[in-house]
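Asks: I'd like to ask some things about the structure below.
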2 protein chains.
Amino acid sequence: MRIGELSKATDVPVPTIKYYLREGLLPAGELSSPNQAAYGEAHIRRLRLIRALIDLAQVPLAQVKEILESLDDDTESLHDQIGRAHRALTPPRRVTTTPEARATATARVQDLIQKRRWSVEPDAPALATLIDTLAAMETLGQTNLADHLDTYADAVETFTKLEVAAVTTNPTRDQLAESVVIGTILGETLIASLRLLSQESTSATLWKPH
Amino acid sequence: MRIGELSKATDVPVPTIKYYLREGLLPAGELSSPNQAAYGEAHIRRLRLIRALIDLAQVPLAQVKEILESLDDDTESLHDQIGRAHRALTPPRRVTTTPEARATATARVQDLIQKRRWSVEPDAPALATLIDTLAAMETLGQTNLADHLDTYADAVETFTKLEVAAVTTNPTRDQLAESVVIGTILGETLIASLRLLSQESTSATLWKPH
DNA sequence: GCTTATGGATACTGATACTATCCATCAGAG
DNA sequence: CTCTGATGGATAGTATCAGTATCCATAAGC
């Protein structure tokens, strides 16, 4: 397959494919002569994955690159690969909330983690985001949701169990890793859009004028 | 309060506050003379809300503006205000999946909506995202999750019920609208980070080397 | 042999979210 | 009452991101 056909198959413009090749997101095709390369099915799959992560999950290109490198590196443990995917989903934030709100939020989260016997690294990226979010809700005078943290955590544990079960049926380590990463990232988009649909429906019945 | 104090109170640099004023995200202070304006508590709140939406929920500035305008416009129905928040969370995507995958996904989603008696506009932004996400999962050979759509939908309905209950205790329409919008947007960040924590914990116990 | 496509390199673009600078004015300290 | 530093407003500049565009020598396929 030449680059034009790859472009047609994935609907990604040729210059964009070239860009991904330059950036190292896509492995080079097999060169038969200095300006002739052949691409295969793997390139189509990879390109589709890249676009799904960028377009659907809004993962920055640099993080996509990291994730892909991690997936291609079979010396890395599955746990570390997941860690990278997580980091891709939680960009570094510099949030300001009142120190009191932060303290309350931190305590609440620590409590949650302890009660659920979750084993979480203290520098987990999602930990900071969770604390910041709770603190922001508090600062904005929106405490109601935080009071139901436990209910949220229950639901979220259900998701995780489901995903682990779904994913461990995968035969090979490679496929497993890819499944987990796709599930983690696209799963988030899936849940978010489902939630919006459910909200819209509820909003329509409760608050739609007339 | 002068702009410098506002800056100190919120930890947002003065030039950034000026920028938000220019862009119409923040209402102007009360002018006492051509170069002297006074800001109040409302400005602090507003600024904190803006930063939470931008930093935590990654909502683009232009969308933040739209949401705030909608919140300030009391002729708009709550349902429409929620609609705007939803649109802010679902940027227009141009995704390519195989037509077959799209068809399957569309049918699946229609089925889900019908069975749950959700009332959703056919052009709801989240609808397209959900279909695209399922189609992408299918195209990427990751069908497992989609088979549990119903379980996800159950959990998500729980969220919505919880949020509606939490929010309808608000006395005034204004506060209600703000609560709903904050809950919708920051709630997403909350759920996402909780999910990552749960995943990390599971991953640590299952797959952490040694 | 002629048109079109290709790989590779380099340069340019548009959007986003700020920062920086300038300036005339003004408040408050000394 | 003067001097310093902040302020409102305007305009210009910057960094990052994610591509697009252009050029060129070479190769494919009719």
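FYI, nothing fancy with the structure tokens labels: chains A, B, ... in order, residues from 1 per chain, ligands from 1 as they appear.
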Taking a cut-off of 12 Å and counting only C-alpha atoms (C1' of nucleotides), can you build a table that, for each residue of chain C near chain B, reports the nearest atom pair and how far apart they are in Å (one decimal), sorted by chain then residue number, as a Markdown table?
Replies:
```
| residue | atom | partner | partner_atom | distance |
| --- | --- | --- | --- | --- |
| C:DA15 | C1' | B:Pro60 | CA | 11.5 |
| C:DT16 | C1' | B:Pro60 | CA | 8.4 |
| C:DA17 | C1' | B:Leu61 | CA | 8.0 |
| C:DC18 | C1' | B:Thr16 | CA | 6.8 |
| C:DT19 | C1' | B:Pro15 | CA | 7.1 |
| C:DA20 | C1' | B:Pro15 | CA | 8.9 |
| C:DT21 | C1' | B:Pro15 | CA | 11.4 |
| C:DC23 | C1' | B:Asn35 | CA | 11.8 |
| C:DA24 | C1' | B:Asn35 | CA | 9.3 |
| C:DT25 | C1' | B:Asn35 | CA | 6.4 |
| C:DC26 | C1' | B:Asn35 | CA | 7.0 |
| C:DA27 | C1' | B:Gln36 | CA | 9.2 |
```
Asks: Dump N, CA and C atoms (P, O5', C5', C4', C3', O3' and C1' of nucleotides) for the selected residues as a compact mmCIF listing (two decimals), in the first residue's frame?
Replies:
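Dumped to selection.txt:
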```
# COMPACT_ATOMS: atom_id res chain seq x y z
P DA C 15 -8.54 30.91 12.09
O5' DA C 15 -8.62 30.22 13.52
C5' DA C 15 -8.59 28.80 13.62
C4' DA C 15 -8.11 28.41 14.99
C3' DA C 15 -8.68 29.27 16.13
O3' DA C 15 -9.33 28.41 17.04
C1' DA C 15 -6.32 29.00 16.34
P DT C 16 -10.22 29.02 18.21
O5' DT C 16 -9.24 28.97 19.46
C5' DT C 16 -8.58 27.76 19.77
C4' DT C 16 -7.58 28.02 20.87
C3' DT C 16 -8.07 28.94 21.99
O3' DT C 16 -7.98 28.20 23.20
C1' DT C 16 -5.89 29.53 21.29
P DA C 17 -8.73 28.71 24.53
O5' DA C 17 -7.58 29.43 25.33
C5' DA C 17 -6.42 28.67 25.69
C4' DA C 17 -5.38 29.60 26.23
C3' DA C 17 -5.90 30.66 27.21
O3' DA C 17 -5.02 30.75 28.33
C1' DA C 17 -4.65 31.68 25.53
P DC C 18 -5.59 31.28 29.72
O5' DC C 18 -5.61 32.87 29.60
C5' DC C 18 -4.54 33.78 29.83
C4' DC C 18 -3.28 33.44 29.11
C3' DC C 18 -2.13 34.26 29.59
O3' DC C 18 -1.03 33.46 29.92
C1' DC C 18 -2.33 34.46 27.24
P DT C 19 -0.07 33.87 31.16
O5' DT C 19 1.16 34.66 30.50
C5' DT C 19 0.92 35.79 29.73
C4' DT C 19 2.25 36.34 29.24
C3' DT C 19 2.84 37.41 30.13
O3' DT C 19 4.23 37.43 29.92
C1' DT C 19 1.89 38.39 28.18
P DA C 20 5.18 38.47 30.69
O5' DA C 20 5.29 39.73 29.70
C5' DA C 20 5.41 39.51 28.31
C4' DA C 20 5.63 40.84 27.61
C3' DA C 20 6.11 41.97 28.53
O3' DA C 20 7.15 42.64 27.84
C1' DA C 20 4.08 42.61 27.46
P DT C 21 7.94 43.86 28.45
O5' DT C 21 7.21 45.09 27.75
C5' DT C 21 6.94 45.05 26.36
C4' DT C 21 6.22 46.31 25.92
C3' DT C 21 6.60 47.58 26.67
O3' DT C 21 6.94 48.58 25.71
C1' DT C 21 4.25 47.33 26.61
P DC C 23 4.69 55.57 25.32
O5' DC C 23 3.33 56.16 25.91
C5' DC C 23 2.10 55.96 25.20
C4' DC C 23 0.93 56.36 26.08
C3' DC C 23 1.26 57.52 27.03
O3' DC C 23 0.24 58.50 26.93
C1' DC C 23 0.25 55.73 28.20
P DA C 24 0.68 60.07 27.09
O5' DA C 24 -0.68 60.74 27.62
C5' DA C 24 -1.93 60.26 27.15
C4' DA C 24 -2.87 60.03 28.32
C3' DA C 24 -2.89 61.17 29.35
O3' DA C 24 -4.25 61.50 29.63
C1' DA C 24 -2.52 59.10 30.43
P DT C 25 -4.64 62.65 30.67
O5' DT C 25 -4.88 61.80 31.99
C5' DT C 25 -6.05 60.98 32.03
C4' DT C 25 -6.05 60.13 33.26
C3' DT C 25 -6.28 60.90 34.57
O3' DT C 25 -7.45 60.34 35.16
C1' DT C 25 -4.58 59.27 34.79
P DC C 26 -8.35 61.24 36.11
O5' DC C 26 -8.03 60.58 37.53
C5' DC C 26 -8.24 59.17 37.70
C4' DC C 26 -7.38 58.67 38.83
C3' DC C 26 -7.43 59.51 40.12
O3' DC C 26 -8.00 58.72 41.15
C1' DC C 26 -5.23 58.78 39.59
P DA C 27 -8.63 59.40 42.42
O5' DA C 27 -8.33 58.32 43.56
C5' DA C 27 -7.89 57.02 43.19
C4' DA C 27 -6.88 56.50 44.20
C3' DA C 27 -6.97 57.12 45.59
O3' DA C 27 -6.91 56.07 46.55
C1' DA C 27 -4.77 57.41 44.70
```
Asks: Would you give me, as number ranges by chain, the residues of chain D that come within 12 Å of chain B, using only C-alpha atoms (C1' of nucleotides)?
Replies: D: 5-10
Asks: Which residues are near Gln81 in chain B? Cut-off 8 Å, only C-alpha atoms (C1' of nucleotides), ignore same chain within fewer than 5 positions. Put them as a PyMOL selection string.
Replies: chain B and resi 67+70-71+76+177+181
Asks: Could those residues be written to a file, using C-alpha atoms, as an mmCIF file, in the first residue's frame?
Replies:
```
data_model
loop_
_atom_site.group_PDB
_atom_site.id
_atom_site.type_symbol
_atom_site.label_atom_id
_atom_site.label_comp_id
_atom_site.auth_asym_id
_atom_site.auth_seq_id
_atom_site.Cartn_x
_atom_site.Cartn_y
_atom_site.Cartn_z
ATOM 1 C CA ILE B 67 -21.889 29.304 29.202
ATOM 2 C CA SER B 70 -26.234 31.847 29.089
ATOM 3 C CA LEU B 71 -26.132 31.810 32.900
ATOM 4 C CA GLU B 76 -33.171 31.425 28.700
ATOM 5 C CA ALA B 177 -28.787 27.080 36.910
ATOM 6 C CA VAL B 181 -23.855 23.792 35.052
#
```
Asks: Run DSSP on the backbone of this structure and report the residues of range 19-207 of chain A it assigns to strand (DSSP E or B), as a VMD selection string.
Replies: chain A and resid 30 to 33 36 to 38
Asks: Per residue of chain B within 6 Å of chain A, record the nearest atom pair and its distance in Å to one decimal, counting only C-alpha atoms, with rows in chain order and ascending residue number, as CSV.
Replies:
```
residue,atom,partner,partner_atom,distance
B:His79,CA,A:Lys208,CA,5.2
B:Trp118,CA,A:Ser201,CA,5.4
B:Ser119,CA,A:Ser201,CA,4.8
B:Val120,CA,A:Ser201,CA,5.4
B:Ala126,CA,A:Ser193,CA,4.9
B:Leu130,CA,A:Ser193,CA,5.5
B:Asn144,CA,A:Ala166,CA,5.6
B:Ala155,CA,A:Ala155,CA,5.8
B:Val156,CA,A:Arg195,CA,5.3
B:Thr160,CA,A:Gln199,CA,5.9
B:Ala166,CA,A:Asn144,CA,5.6
B:Leu190,CA,A:Leu130,CA,5.9
B:Ser193,CA,A:Ala126,CA,4.9
B:Arg195,CA,A:Val156,CA,5.3
B:Gln199,CA,A:Thr160,CA,6.0
B:Ser201,CA,A:Ser119,CA,4.8
B:Ser203,CA,A:His79,CA,5.7
B:Trp207,CA,A:His79,CA,5.4
B:Lys208,CA,A:His79,CA,5.2
```
Asks: Would you give me, as number ranges by chain, the residues in range 26-75 of chain A that DSSP reads as alpha helix (DSSP H)?
Replies: A: 41-51, 61-72
Asks: Could you superpose chain B on chain A by least squares over every Cα, matched in sequence order, and send it back as a PDB file with C-alpha atoms, in the first residue's frame?
Replies:
```pdb
ATOM      1  CA  MET B   1      -0.040  -0.022   0.039  1.00  0.00           C
ATOM      2  CA  ARG B   2       1.269   3.417  -0.873  1.00  0.00           C
ATOM      3  CA  ILE B   3       0.678   6.546   1.130  1.00  0.00           C
ATOM      4  CA  GLY B   4      -2.173   7.686  -1.085  1.00  0.00           C
ATOM      5  CA  GLU B   5      -4.074   4.483  -0.542  1.00  0.00           C
ATOM      6  CA  LEU B   6      -3.398   4.644   3.178  1.00  0.00           C
ATOM      7  CA  SER B   7      -4.843   8.124   3.092  1.00  0.00           C
ATOM      8  CA  LYS B   8      -7.927   6.950   1.249  1.00  0.00           C
ATOM      9  CA  ALA B   9      -8.429   4.004   3.570  1.00  0.00           C
ATOM     10  CA  THR B  10      -8.357   6.125   6.700  1.00  0.00           C
ATOM     11  CA  ASP B  11      -9.559   9.451   5.344  1.00  0.00           C
ATOM     12  CA  VAL B  12      -6.532  11.186   6.771  1.00  0.00           C
ATOM     13  CA  PRO B  13      -4.907  13.673   4.356  1.00  0.00           C
ATOM     14  CA  VAL B  14      -1.521  12.691   2.985  1.00  0.00           C
ATOM     15  CA  PRO B  15       0.277  15.725   4.486  1.00  0.00           C
ATOM     16  CA  THR B  16      -1.106  14.779   7.875  1.00  0.00           C
ATOM     17  CA  ILE B  17       0.150  11.222   7.520  1.00  0.00           C
ATOM     18  CA  LYS B  18       3.547  12.610   6.585  1.00  0.00           C
ATOM     19  CA  TYR B  19       3.389  14.789   9.653  1.00  0.00           C
ATOM     20  CA  TYR B  20       2.614  11.811  11.897  1.00  0.00           C
ATOM     21  CA  LEU B  21       5.515   9.944  10.305  1.00  0.00           C
ATOM     22  CA  ARG B  22       7.819  12.881  11.021  1.00  0.00           C
ATOM     23  CA  GLU B  23       6.621  13.089  14.600  1.00  0.00           C
ATOM     24  CA  GLY B  24       7.149   9.393  15.110  1.00  0.00           C
ATOM     25  CA  LEU B  25       3.503   8.561  15.790  1.00  0.00           C
ATOM     26  CA  LEU B  26       3.393   6.246  12.833  1.00  0.00           C
ATOM     27  CA  PRO B  27       6.206   3.820  11.995  1.00  0.00           C
ATOM     28  CA  ALA B  28       7.822   4.366   8.607  1.00  0.00           C
ATOM     29  CA  GLY B  29       6.721   2.173   5.732  1.00  0.00           C
ATOM     30  CA  GLU B  30       9.040  -0.382   4.247  1.00  0.00           C
ATOM     31  CA  LEU B  31      11.317   1.362   1.783  1.00  0.00           C
ATOM     32  CA  SER B  32      11.811  -0.396  -1.553  1.00  0.00           C
ATOM     33  CA  SER B  33      13.652   2.558  -3.043  1.00  0.00           C
ATOM     34  CA  PRO B  34      14.605   6.004  -1.747  1.00  0.00           C
ATOM     35  CA  ASN B  35      11.180   7.377  -2.560  1.00  0.00           C
ATOM     36  CA  GLN B  36       8.941   4.359  -2.440  1.00  0.00           C
ATOM     37  CA  ALA B  37       7.575   2.858   0.742  1.00  0.00           C
ATOM     38  CA  ALA B  38       4.928   0.238   1.449  1.00  0.00           C
ATOM     39  CA  TYR B  39       2.428   0.456   4.284  1.00  0.00           C
ATOM     40  CA  GLY B  40       0.325  -2.354   5.698  1.00  0.00           C
ATOM     41  CA  GLU B  41      -2.746  -3.144   7.752  1.00  0.00           C
ATOM     42  CA  ALA B  42      -0.878  -2.234  10.908  1.00  0.00           C
ATOM     43  CA  HIS B  43      -0.549   1.315   9.629  1.00  0.00           C
ATOM     44  CA  ILE B  44      -4.282   1.578   9.041  1.00  0.00           C
ATOM     45  CA  ARG B  45      -4.982   0.347  12.557  1.00  0.00           C
ATOM     46  CA  ARG B  46      -2.442   2.657  14.048  1.00  0.00           C
ATOM     47  CA  LEU B  47      -3.743   5.635  12.163  1.00  0.00           C
ATOM     48  CA  ARG B  48      -7.306   4.901  13.256  1.00  0.00           C
ATOM     49  CA  LEU B  49      -6.143   4.629  16.843  1.00  0.00           C
ATOM     50  CA  ILE B  50      -4.338   7.948  16.606  1.00  0.00           C
ATOM     51  CA  ARG B  51      -7.399   9.699  15.195  1.00  0.00           C
ATOM     52  CA  ALA B  52      -9.696   8.187  17.794  1.00  0.00           C
ATOM     53  CA  LEU B  53      -7.454   9.377  20.609  1.00  0.00           C
ATOM     54  CA  ILE B  54      -7.057  12.841  19.148  1.00  0.00           C
ATOM     55  CA  ASP B  55     -10.554  13.490  17.813  1.00  0.00           C
ATOM     56  CA  LEU B  56     -12.718  11.576  20.219  1.00  0.00           C
ATOM     57  CA  ALA B  57     -10.790  11.628  23.445  1.00  0.00           C
ATOM     58  CA  GLN B  58      -9.022  14.930  22.816  1.00  0.00           C
ATOM     59  CA  VAL B  59      -5.684  13.539  23.857  1.00  0.00           C
ATOM     60  CA  PRO B  60      -2.879  15.916  22.855  1.00  0.00           C
ATOM     61  CA  LEU B  61      -0.666  14.620  20.082  1.00  0.00           C
ATOM     62  CA  ALA B  62       2.417  14.560  22.269  1.00  0.00           C
ATOM     63  CA  GLN B  63       0.639  12.293  24.743  1.00  0.00           C
ATOM     64  CA  VAL B  64      -0.636  10.052  21.992  1.00  0.00           C
ATOM     65  CA  LYS B  65       2.964   9.598  20.986  1.00  0.00           C
ATOM     66  CA  GLU B  66       3.932   8.638  24.508  1.00  0.00           C
ATOM     67  CA  ILE B  67       1.118   6.145  24.779  1.00  0.00           C
ATOM     68  CA  LEU B  68       1.990   4.525  21.480  1.00  0.00           C
ATOM     69  CA  GLU B  69       5.667   4.297  22.389  1.00  0.00           C
ATOM     70  CA  SER B  70       4.681   2.687  25.621  1.00  0.00           C
ATOM     71  CA  LEU B  71       2.423   0.201  23.815  1.00  0.00           C
ATOM     72  CA  ASP B  72       5.249  -0.693  21.453  1.00  0.00           C
ATOM     73  CA  ASP B  73       7.705  -1.164  24.261  1.00  0.00           C
ATOM     74  CA  ASP B  74       7.206  -4.698  25.508  1.00  0.00           C
ATOM     75  CA  THR B  75       9.684  -4.302  28.329  1.00  0.00           C
ATOM     76  CA  GLU B  76       7.248  -2.005  30.076  1.00  0.00           C
ATOM     77  CA  SER B  77       4.804  -3.574  32.498  1.00  0.00           C
ATOM     78  CA  LEU B  78       1.094  -3.348  31.866  1.00  0.00           C
ATOM     79  CA  HIS B  79       0.757  -1.315  35.023  1.00  0.00           C
ATOM     80  CA  ASP B  80       3.223   1.242  33.723  1.00  0.00           C
ATOM     81  CA  GLN B  81       1.498   1.378  30.370  1.00  0.00           C
ATOM     82  CA  ILE B  82      -1.764   2.136  32.099  1.00  0.00           C
ATOM     83  CA  GLY B  83       0.013   4.772  34.112  1.00  0.00           C
ATOM     84  CA  ARG B  84       1.035   6.518  30.915  1.00  0.00           C
ATOM     85  CA  ALA B  85      -2.478   6.432  29.563  1.00  0.00           C
ATOM     86  CA  HIS B  86      -3.656   7.950  32.822  1.00  0.00           C
ATOM     87  CA  ARG B  87      -1.122  10.705  32.625  1.00  0.00           C
ATOM     88  CA  ALA B  88      -2.275  11.443  29.096  1.00  0.00           C
ATOM     89  CA  LEU B  89      -5.771  11.985  30.424  1.00  0.00           C
ATOM     90  CA  THR B  90      -4.813  14.209  33.329  1.00  0.00           C
ATOM     91  CA  PRO B  91      -2.844  17.187  32.101  1.00  0.00           C
ATOM     92  CA  PRO B  92      -0.862  19.091  34.697  1.00  0.00           C
ATOM     93  CA  ARG B  93      -3.131  21.661  36.222  1.00  0.00           C
ATOM     94  CA  ARG B  94      -2.307  24.721  38.214  1.00  0.00           C
ATOM     95  CA  VAL B  95      -5.485  25.358  40.059  1.00  0.00           C
ATOM     96  CA  THR B  96      -6.166  27.787  42.800  1.00  0.00           C
ATOM     97  CA  THR B  97      -8.636  27.090  45.469  1.00  0.00           C
ATOM     98  CA  THR B  98      -8.664  28.315  49.008  1.00  0.00           C
ATOM     99  CA  PRO B  99      -6.297  26.349  51.247  1.00  0.00           C
ATOM    100  CA  GLU B 100      -9.196  25.389  53.521  1.00  0.00           C
ATOM    101  CA  ALA B 101     -11.159  23.916  50.636  1.00  0.00           C
ATOM    102  CA  ARG B 102      -8.096  21.970  49.580  1.00  0.00           C
ATOM    103  CA  ALA B 103      -7.565  20.624  53.067  1.00  0.00           C
ATOM    104  CA  THR B 104     -11.153  19.469  53.365  1.00  0.00           C
ATOM    105  CA  ALA B 105     -11.023  17.876  49.954  1.00  0.00           C
ATOM    106  CA  THR B 106      -7.749  16.107  50.670  1.00  0.00           C
ATOM    107  CA  ALA B 107      -9.089  14.652  53.888  1.00  0.00           C
ATOM    108  CA  ARG B 108     -12.240  13.504  52.172  1.00  0.00           C
ATOM    109  CA  VAL B 109     -10.301  11.770  49.431  1.00  0.00           C
ATOM    110  CA  GLN B 110      -7.857  10.135  51.823  1.00  0.00           C
ATOM    111  CA  ASP B 111     -10.795   8.849  53.760  1.00  0.00           C
ATOM    112  CA  LEU B 112     -12.413   7.445  50.651  1.00  0.00           C
ATOM    113  CA  ILE B 113      -9.248   5.677  49.580  1.00  0.00           C
ATOM    114  CA  GLN B 114      -8.710   4.198  53.004  1.00  0.00           C
ATOM    115  CA  LYS B 115     -12.264   2.967  53.380  1.00  0.00           C
ATOM    116  CA  ARG B 116     -12.188   1.333  49.976  1.00  0.00           C
ATOM    117  CA  ARG B 117      -8.718  -0.066  50.512  1.00  0.00           C
ATOM    118  CA  TRP B 118      -7.619   1.356  47.215  1.00  0.00           C
ATOM    119  CA  SER B 119      -3.915   1.191  46.618  1.00  0.00           C
ATOM    120  CA  VAL B 120      -3.008   4.472  45.000  1.00  0.00           C
ATOM    121  CA  GLU B 121       0.380   6.112  44.678  1.00  0.00           C
ATOM    122  CA  PRO B 122       0.451   9.452  46.480  1.00  0.00           C
ATOM    123  CA  ASP B 123       1.600  11.131  43.265  1.00  0.00           C
ATOM    124  CA  ALA B 124      -1.067   9.600  41.061  1.00  0.00           C
ATOM    125  CA  PRO B 125      -2.142  12.288  38.599  1.00  0.00           C
ATOM    126  CA  ALA B 126      -5.827  11.562  39.079  1.00  0.00           C
ATOM    127  CA  LEU B 127      -5.455  12.077  42.813  1.00  0.00           C
ATOM    128  CA  ALA B 128      -4.529  15.712  42.399  1.00  0.00           C
ATOM    129  CA  THR B 129      -7.327  16.253  39.918  1.00  0.00           C
ATOM    130  CA  LEU B 130      -9.886  14.710  42.212  1.00  0.00           C
ATOM    131  CA  ILE B 131      -8.775  16.817  45.155  1.00  0.00           C
ATOM    132  CA  ASP B 132      -8.727  19.965  43.042  1.00  0.00           C
ATOM    133  CA  THR B 133     -12.166  19.241  41.682  1.00  0.00           C
ATOM    134  CA  LEU B 134     -13.683  18.701  45.095  1.00  0.00           C
ATOM    135  CA  ALA B 135     -11.949  21.792  46.391  1.00  0.00           C
ATOM    136  CA  ALA B 136     -13.226  23.815  43.446  1.00  0.00           C
ATOM    137  CA  MET B 137     -16.763  22.572  44.040  1.00  0.00           C
ATOM    138  CA  GLU B 138     -16.484  23.566  47.653  1.00  0.00           C
ATOM    139  CA  THR B 139     -15.045  26.967  46.791  1.00  0.00           C
ATOM    140  CA  LEU B 140     -17.851  27.527  44.314  1.00  0.00           C
ATOM    141  CA  GLY B 141     -20.400  26.669  46.968  1.00  0.00           C
ATOM    142  CA  GLN B 142     -21.382  23.449  45.289  1.00  0.00           C
ATOM    143  CA  THR B 143     -20.984  20.890  48.019  1.00  0.00           C
ATOM    144  CA  ASN B 144     -23.941  18.678  47.240  1.00  0.00           C
ATOM    145  CA  LEU B 145     -22.166  16.395  44.825  1.00  0.00           C
ATOM    146  CA  ALA B 146     -19.195  15.847  47.029  1.00  0.00           C
ATOM    147  CA  ASP B 147     -21.517  14.427  49.664  1.00  0.00           C
ATOM    148  CA  HIS B 148     -22.295  11.577  47.334  1.00  0.00           C
ATOM    149  CA  LEU B 149     -18.687  10.716  46.617  1.00  0.00           C
ATOM    150  CA  ASP B 150     -19.307   7.216  47.849  1.00  0.00           C
ATOM    151  CA  THR B 151     -22.097   6.581  45.418  1.00  0.00           C
ATOM    152  CA  TYR B 152     -19.910   7.796  42.596  1.00  0.00           C
ATOM    153  CA  ALA B 153     -17.091   5.590  43.773  1.00  0.00           C
ATOM    154  CA  ASP B 154     -19.412   2.588  43.834  1.00  0.00           C
ATOM    155  CA  ALA B 155     -20.442   3.140  40.244  1.00  0.00           C
ATOM    156  CA  VAL B 156     -16.916   3.717  39.162  1.00  0.00           C
ATOM    157  CA  GLU B 157     -15.794   0.474  40.755  1.00  0.00           C
ATOM    158  CA  THR B 158     -18.457  -1.276  38.760  1.00  0.00           C
ATOM    159  CA  PHE B 159     -16.968   0.184  35.606  1.00  0.00           C
ATOM    160  CA  THR B 160     -13.517  -0.959  36.524  1.00  0.00           C
ATOM    161  CA  LYS B 161     -14.633  -4.489  37.302  1.00  0.00           C
ATOM    162  CA  LEU B 162     -16.484  -4.654  34.030  1.00  0.00           C
ATOM    163  CA  GLU B 163     -13.513  -3.399  32.100  1.00  0.00           C
ATOM    164  CA  VAL B 164     -11.062  -5.712  33.753  1.00  0.00           C
ATOM    165  CA  ALA B 165     -13.322  -8.669  33.065  1.00  0.00           C
ATOM    166  CA  ALA B 166     -13.816  -7.629  29.454  1.00  0.00           C
ATOM    167  CA  VAL B 167     -10.169  -7.105  28.901  1.00  0.00           C
ATOM    168  CA  THR B 168      -8.602 -10.132  30.504  1.00  0.00           C
ATOM    169  CA  THR B 169     -10.215 -12.377  27.914  1.00  0.00           C
ATOM    170  CA  ASN B 170      -7.603 -11.100  25.489  1.00  0.00           C
ATOM    171  CA  PRO B 171      -5.138 -13.778  24.463  1.00  0.00           C
ATOM    172  CA  THR B 172      -1.837 -11.943  24.130  1.00  0.00           C
ATOM    173  CA  ARG B 173      -0.112  -9.355  26.281  1.00  0.00           C
ATOM    174  CA  ASP B 174       0.106  -6.966  23.330  1.00  0.00           C
ATOM    175  CA  GLN B 175      -3.589  -7.081  22.635  1.00  0.00           C
ATOM    176  CA  LEU B 176      -4.337  -6.854  26.317  1.00  0.00           C
ATOM    177  CA  ALA B 177      -2.291  -3.693  26.662  1.00  0.00           C
ATOM    178  CA  GLU B 178      -3.961  -2.095  23.681  1.00  0.00           C
ATOM    179  CA  SER B 179      -7.392  -3.105  24.948  1.00  0.00           C
ATOM    180  CA  VAL B 180      -6.726  -1.616  28.321  1.00  0.00           C
ATOM    181  CA  VAL B 181      -5.484   1.630  26.901  1.00  0.00           C
ATOM    182  CA  ILE B 182      -8.344   1.965  24.427  1.00  0.00           C
ATOM    183  CA  GLY B 183     -10.806   0.996  27.125  1.00  0.00           C
ATOM    184  CA  THR B 184      -9.383   3.504  29.544  1.00  0.00           C
ATOM    185  CA  ILE B 185      -9.374   6.382  27.146  1.00  0.00           C
ATOM    186  CA  LEU B 186     -12.325   5.781  24.858  1.00  0.00           C
ATOM    187  CA  GLY B 187     -14.226   4.438  27.843  1.00  0.00           C
ATOM    188  CA  GLU B 188     -14.039   7.868  29.349  1.00  0.00           C
ATOM    189  CA  THR B 189     -15.555   9.422  26.258  1.00  0.00           C
ATOM    190  CA  LEU B 190     -18.208   6.731  26.259  1.00  0.00           C
ATOM    191  CA  ILE B 191     -19.216   7.336  29.848  1.00  0.00           C
ATOM    192  CA  ALA B 192     -19.163  11.085  29.419  1.00  0.00           C
ATOM    193  CA  SER B 193     -21.430  11.063  26.393  1.00  0.00           C
ATOM    194  CA  LEU B 194     -23.811   8.575  27.973  1.00  0.00           C
ATOM    195  CA  ARG B 195     -24.022  10.808  30.986  1.00  0.00           C
ATOM    196  CA  LEU B 196     -24.809  13.822  28.861  1.00  0.00           C
ATOM    197  CA  LEU B 197     -27.545  11.933  27.074  1.00  0.00           C
ATOM    198  CA  SER B 198     -29.086  10.864  30.323  1.00  0.00           C
ATOM    199  CA  GLN B 199     -28.884  14.426  31.581  1.00  0.00           C
ATOM    200  CA  GLU B 200     -30.405  15.848  28.469  1.00  0.00           C
ATOM    201  CA  SER B 201     -33.291  13.452  28.688  1.00  0.00           C
ATOM    202  CA  THR B 202     -33.905  14.281  32.328  1.00  0.00           C
ATOM    203  CA  SER B 203     -33.556  17.970  31.673  1.00  0.00           C
ATOM    204  CA  ALA B 204     -36.041  17.731  28.816  1.00  0.00           C
ATOM    205  CA  THR B 205     -38.705  16.133  30.964  1.00  0.00           C
ATOM    206  CA  LEU B 206     -38.112  18.344  33.985  1.00  0.00           C
ATOM    207  CA  TRP B 207     -37.212  21.722  32.624  1.00  0.00           C
ATOM    208  CA  LYS B 208     -38.024  22.006  28.988  1.00  0.00           C
ATOM    209  CA  PRO B 209     -40.312  24.990  28.614  1.00  0.00           C
ATOM    210  CA  HIS B 210     -43.951  24.253  27.926  1.00  0.00           C
TER     211      HIS B 210
END
```
Asks: If we count only C-alpha atoms (C1' of nucleotides) and set the cut-off at 12 Å, which residues sit around DC23 in chain D, ignoring sequence neighbours fewer than 3 positions away in its own chain? Please answer as JSON, numbers by chain.
Replies: {"C": [8, 9, 10, 11]}
